[in-house]
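Raw model.pdb, PDB, N, CA and C atoms:
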ATOM      1  N   MET K 189       0.831  -1.189   0.000  1.00  0.00           N
ATOM      2  CA  MET K 189       0.000   0.000   0.000  1.00  0.00           C
ATOM      3  C   MET K 189       0.875   1.252   0.000  1.00  0.00           C
ATOM      4  N   THR K 190       0.415   2.271  -0.712  1.00  0.00           N
ATOM      5  CA  THR K 190       1.137   3.540  -0.705  1.00  0.00           C
ATOM      6  C   THR K 190       0.711   4.358   0.502  1.00  0.00           C
ATOM      7  N   SER K 191       1.445   5.401   0.766  1.00  0.00           N
ATOM      8  CA  SER K 191       1.107   6.284   1.885  1.00  0.00           C
ATOM      9  C   SER K 191      -0.272   6.892   1.706  1.00  0.00           C
ATOM     10  N   ILE K 192      -0.615   7.254   0.465  1.00  0.00           N
ATOM     11  CA  ILE K 192      -1.929   7.838   0.206  1.00  0.00           C
ATOM     12  C   ILE K 192      -3.029   6.807   0.465  1.00  0.00           C
ATOM     13  N   GLU K 193      -2.798   5.596   0.030  1.00  0.00           N
ATOM     14  CA  GLU K 193      -3.779   4.534   0.277  1.00  0.00           C
ATOM     15  C   GLU K 193      -3.922   4.265   1.772  1.00  0.00           C
ATOM     16  N   ASP K 194      -2.806   4.286   2.492  1.00  0.00           N
ATOM     17  CA  ASP K 194      -2.850   4.110   3.946  1.00  0.00           C
ATOM     18  C   ASP K 194      -3.677   5.210   4.600  1.00  0.00           C
ATOM     19  N   ALA K 195      -3.438   6.455   4.172  1.00  0.00           N
ATOM     20  CA  ALA K 195      -4.160   7.594   4.741  1.00  0.00           C
ATOM     21  C   ALA K 195      -5.654   7.491   4.447  1.00  0.00           C
ATOM     22  N   LEU K 196      -6.014   7.111   3.229  1.00  0.00           N
ATOM     23  CA  LEU K 196      -7.427   6.984   2.869  1.00  0.00           C
ATOM     24  C   LEU K 196      -8.095   5.865   3.663  1.00  0.00           C
ATOM     25  N   SER K 197      -7.373   4.764   3.872  1.00  0.00           N
ATOM     26  CA  SER K 197      -7.899   3.659   4.653  1.00  0.00           C
ATOM     27  C   SER K 197      -8.140   4.083   6.103  1.00  0.00           C
ATOM     28  N   LEU K 198      -7.190   4.818   6.675  1.00  0.00           N
ATOM     29  CA  LEU K 198      -7.347   5.302   8.047  1.00  0.00           C
ATOM     30  C   LEU K 198      -8.503   6.298   8.152  1.00  0.00           C
ATOM     31  N   LYS K 199      -8.655   7.134   7.129  1.00  0.00           N
ATOM     32  CA  LYS K 199      -9.768   8.093   7.129  1.00  0.00           C
ATOM     33  C   LYS K 199     -11.096   7.357   7.115  1.00  0.00           C
ATOM     34  N   GLN K 200     -11.215   6.334   6.292  1.00  0.00           N
ATOM     35  CA  GLN K 200     -12.453   5.549   6.247  1.00  0.00           C
ATOM     36  C   GLN K 200     -12.742   4.906   7.599  1.00  0.00           C
ATOM     37  N   GLU K 201     -11.703   4.357   8.211  1.00  0.00           N
ATOM     38  CA  GLU K 201     -11.867   3.734   9.527  1.00  0.00           C
ATOM     39  C   GLU K 201     -12.324   4.765  10.548  1.00  0.00           C
ATOM     40  N   PHE K 202     -11.719   5.949  10.504  1.00  0.00           N
ATOM     41  CA  PHE K 202     -12.075   7.019  11.423  1.00  0.00           C
ATOM     42  C   PHE K 202     -13.535   7.439  11.236  1.00  0.00           C
ATOM     43  N   GLU K 203     -13.975   7.534   9.995  1.00  0.00           N
ATOM     44  CA  GLU K 203     -15.346   7.960   9.699  1.00  0.00           C
ATOM     45  C   GLU K 203     -16.375   7.001  10.294  1.00  0.00           C
ATOM     46  N   THR K 204     -16.031   5.730  10.442  1.00  0.00           N
ATOM     47  CA  THR K 204     -16.973   4.770  11.017  1.00  0.00           C
ATOM     48  C   THR K 204     -17.185   5.009  12.510  1.00  0.00           C
ATOM     49  N   LEU K 205     -16.293   5.765  13.131  1.00  0.00           N
ATOM     50  CA  LEU K 205     -16.383   6.027  14.570  1.00  0.00           C
ATOM     51  C   LEU K 205     -17.245   7.251  14.891  1.00  0.00           C
ATOM     52  N   ARG K 206     -17.659   7.975  13.852  1.00  0.00           N
ATOM     53  CA  ARG K 206     -18.473   9.179  14.072  1.00  0.00           C
ATOM     54  C   ARG K 206     -19.878   8.802  14.491  1.00  0.00           C
ATOM     55  N   PRO K 207     -20.560   9.614  15.248  1.00  0.00           N
ATOM     56  CA  PRO K 207     -20.126  10.903  15.781  1.00  0.00           C
ATOM     57  C   PRO K 207     -19.262  10.716  17.026  1.00  0.00           C
ATOM     58  N   LEU K 208     -18.323  11.615  17.191  1.00  0.00           N
ATOM     59  CA  LEU K 208     -17.440  11.600  18.351  1.00  0.00           C
ATOM     60  C   LEU K 208     -18.006  12.504  19.441  1.00  0.00           C
ATOM     61  N   SER K 209     -17.768  12.117  20.669  1.00  0.00           N
ATOM     62  CA  SER K 209     -18.138  12.999  21.774  1.00  0.00           C
ATOM     63  C   SER K 209     -17.125  14.137  21.836  1.00  0.00           C
ATOM     64  N   LYS K 210     -17.462  15.196  22.510  1.00  0.00           N
ATOM     65  CA  LYS K 210     -16.552  16.335  22.658  1.00  0.00           C
ATOM     66  C   LYS K 210     -15.254  15.879  23.337  1.00  0.00           C
ATOM     67  N   GLU K 211     -15.359  15.003  24.312  1.00  0.00           N
ATOM     68  CA  GLU K 211     -14.181  14.493  25.018  1.00  0.00           C
ATOM     69  C   GLU K 211     -13.270  13.709  24.070  1.00  0.00           C
ATOM     70  N   GLN K 212     -13.854  12.848  23.239  1.00  0.00           N
ATOM     71  CA  GLN K 212     -13.062  12.071  22.282  1.00  0.00           C
ATOM     72  C   GLN K 212     -12.375  12.986  21.272  1.00  0.00           C
ATOM     73  N   GLU K 213     -13.116  13.968  20.779  1.00  0.00           N
ATOM     74  CA  GLU K 213     -12.545  14.910  19.816  1.00  0.00           C
ATOM     75  C   GLU K 213     -11.387  15.694  20.438  1.00  0.00           C
ATOM     76  N   ASP K 214     -11.544  16.125  21.682  1.00  0.00           N
ATOM     77  CA  ASP K 214     -10.482  16.864  22.369  1.00  0.00           C
ATOM     78  C   ASP K 214      -9.229  16.009  22.555  1.00  0.00           C
ATOM     79  N   ARG K 215      -9.414  14.730  22.890  1.00  0.00           N
ATOM     80  CA  ARG K 215      -8.265  13.839  23.068  1.00  0.00           C
ATOM     81  C   ARG K 215      -7.521  13.622  21.757  1.00  0.00           C
ATOM     82  N   ILE K 216      -8.270  13.466  20.657  1.00  0.00           N
ATOM     83  CA  ILE K 216      -7.646  13.281  19.349  1.00  0.00           C
ATOM     84  C   ILE K 216      -6.849  14.523  18.966  1.00  0.00           C
ATOM     85  N   MET K 217      -7.436  15.705  19.165  1.00  0.00           N
ATOM     86  CA  MET K 217      -6.748  16.947  18.809  1.00  0.00           C
ATOM     87  C   MET K 217      -5.502  17.159  19.675  1.00  0.00           C
ATOM     88  N   GLN K 218      -5.571  16.805  20.952  1.00  0.00           N
ATOM     89  CA  GLN K 218      -4.411  16.930  21.827  1.00  0.00           C
ATOM     90  C   GLN K 218      -3.276  16.022  21.337  1.00  0.00           C
ATOM     91  N   LYS K 219      -3.607  14.796  20.976  1.00  0.00           N
ATOM     92  CA  LYS K 219      -2.605  13.859  20.455  1.00  0.00           C
ATOM     93  C   LYS K 219      -2.029  14.360  19.135  1.00  0.00           C
ATOM     94  N   PHE K 220      -2.885  14.889  18.266  1.00  0.00           N
ATOM     95  CA  PHE K 220      -2.439  15.432  16.990  1.00  0.00           C
ATOM     96  C   PHE K 220      -1.446  16.579  17.202  1.00  0.00           C
ATOM     97  N   ARG K 221      -1.787  17.501  18.096  1.00  0.00           N
ATOM     98  CA  ARG K 221      -0.885  18.638  18.356  1.00  0.00           C
ATOM     99  C   ARG K 221       0.446  18.173  18.944  1.00  0.00           C
ATOM    100  N   LEU K 222       0.402  17.211  19.838  1.00  0.00           N
ATOM    101  CA  LEU K 222       1.619  16.676  20.443  1.00  0.00           C
ATOM    102  C   LEU K 222       2.505  16.022  19.382  1.00  0.00           C
ATOM    103  N   ASP K 223       1.906  15.178  18.544  1.00  0.00           N
ATOM    104  CA  ASP K 223       2.669  14.519  17.479  1.00  0.00           C
ATOM    105  C   ASP K 223       3.213  15.531  16.477  1.00  0.00           C
ATOM    106  N   TRP K 224       2.397  16.530  16.135  1.00  0.00           N
ATOM    107  CA  TRP K 224       2.815  17.563  15.183  1.00  0.00           C
ATOM    108  C   TRP K 224       4.038  18.311  15.726  1.00  0.00           C
ATOM    109  N   SER K 225       3.984  18.701  16.997  1.00  0.00           N
ATOM    110  CA  SER K 225       5.097  19.429  17.609  1.00  0.00           C
ATOM    111  C   SER K 225       6.361  18.575  17.644  1.00  0.00           C
ATOM    112  N   TYR K 226       6.207  17.326  18.041  1.00  0.00           N
ATOM    113  CA  TYR K 226       7.360  16.430  18.110  1.00  0.00           C
ATOM    114  C   TYR K 226       8.026  16.292  16.741  1.00  0.00           C
ATOM    115  N   ASN K 227       7.226  16.006  15.728  1.00  0.00           N
ATOM    116  CA  ASN K 227       7.783  15.802  14.381  1.00  0.00           C
ATOM    117  C   ASN K 227       8.334  17.085  13.799  1.00  0.00           C
ATOM    118  N   SER K 228       7.712  18.198  14.077  1.00  0.00           N
ATOM    119  CA  SER K 228       8.213  19.483  13.592  1.00  0.00           C
ATOM    120  C   SER K 228       9.569  19.787  14.219  1.00  0.00           C
ATOM    121  N   ASN K 229       9.688  19.563  15.517  1.00  0.00           N
ATOM    122  CA  ASN K 229      10.958  19.800  16.204  1.00  0.00           C
ATOM    123  C   ASN K 229      12.037  18.840  15.691  1.00  0.00           C
ATOM    124  N   ASN K 230      11.658  17.608  15.420  1.00  0.00           N
ATOM    125  CA  ASN K 230      12.607  16.623  14.903  1.00  0.00           C
ATOM    126  C   ASN K 230      13.148  17.065  13.530  1.00  0.00           C
ATOM    127  N   LEU K 231      12.272  17.595  12.698  1.00  0.00           N
ATOM    128  CA  LEU K 231      12.711  18.090  11.384  1.00  0.00           C
ATOM    129  C   LEU K 231      13.696  19.251  11.527  1.00  0.00           C
ATOM    130  N   GLU K 232      13.415  20.139  12.486  1.00  0.00           N
ATOM    131  CA  GLU K 232      14.305  21.281  12.705  1.00  0.00           C
ATOM    132  C   GLU K 232      15.700  20.803  13.099  1.00  0.00           C
ATOM    133  N   VAL K 233      15.762  19.771  13.932  1.00  0.00           N
ATOM    134  CA  VAL K 233      17.052  19.241  14.355  1.00  0.00           C
ATOM    135  C   VAL K 233      17.784  18.615  13.177  1.00  0.00           C
ATOM    136  N   LEU K 234      17.051  17.880  12.359  1.00  0.00           N
ATOM    137  CA  LEU K 234      17.673  17.205  11.216  1.00  0.00           C
ATOM    138  C   LEU K 234      18.144  18.199  10.150  1.00  0.00           C
ATOM    139  N   VAL K 235      17.372  19.237   9.913  1.00  0.00           N
ATOM    140  CA  VAL K 235      17.678  20.203   8.880  1.00  0.00           C
ATOM    141  C   VAL K 235      18.648  21.268   9.385  1.00  0.00           C
ATOM    142  N   GLY K 236      18.416  21.722  10.612  1.00  0.00           N
ATOM    143  CA  GLY K 236      19.207  22.839  11.152  1.00  0.00           C
ATOM    144  C   GLY K 236      20.493  22.372  11.614  1.00  0.00           C
TER     145      GLY K 236
END
Would you mind giving the structure from this file in structure tokens?
Amino acid sequence: MTSIEDALSLKQEFETLRPLSKEQEDRIMQKFRLDWSYNSNNLEVLVG
């Protein structure tokens, strides 16, 4: 599978879990922000 196919598969799986409660949505967004920050900082170290 390609990365795009993986992403589309995960999106479909995620859509089956809807509707999300406010608590579930907040937890997902918190994890997303944490992962985004970690990976962004890692790129800065590798590039800088």
Mind giving me the straight-line distance from CA of Leu198 (chain K) to atom N of Ser228 (chain K) in Å, one decimal?
20.7 Å
If DSSP is run on the backbone, what residues of region 197-233 of chain K are helix (DSSP H, G or I)? A reply as a PyMOL selection string would be ideal.
chain K and resi 197-203+210-233
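Atom N of Asp194 (chain K) lies 19.7 Å from CA of Ile216 (chain K).
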Please define a box with edges along x, y and z of the file around all atoms of region 220-232 of chain K given in the file, extend it by 5 Å on each side, and return its centre and edge lengths in Å to one decimal, as lines of an AutoDock Vina configuration file.
center_x = 6.4
center_y = 17.9
center_z = 15.9
size_x = 28.6
size_y = 16.8
size_z = 19.1
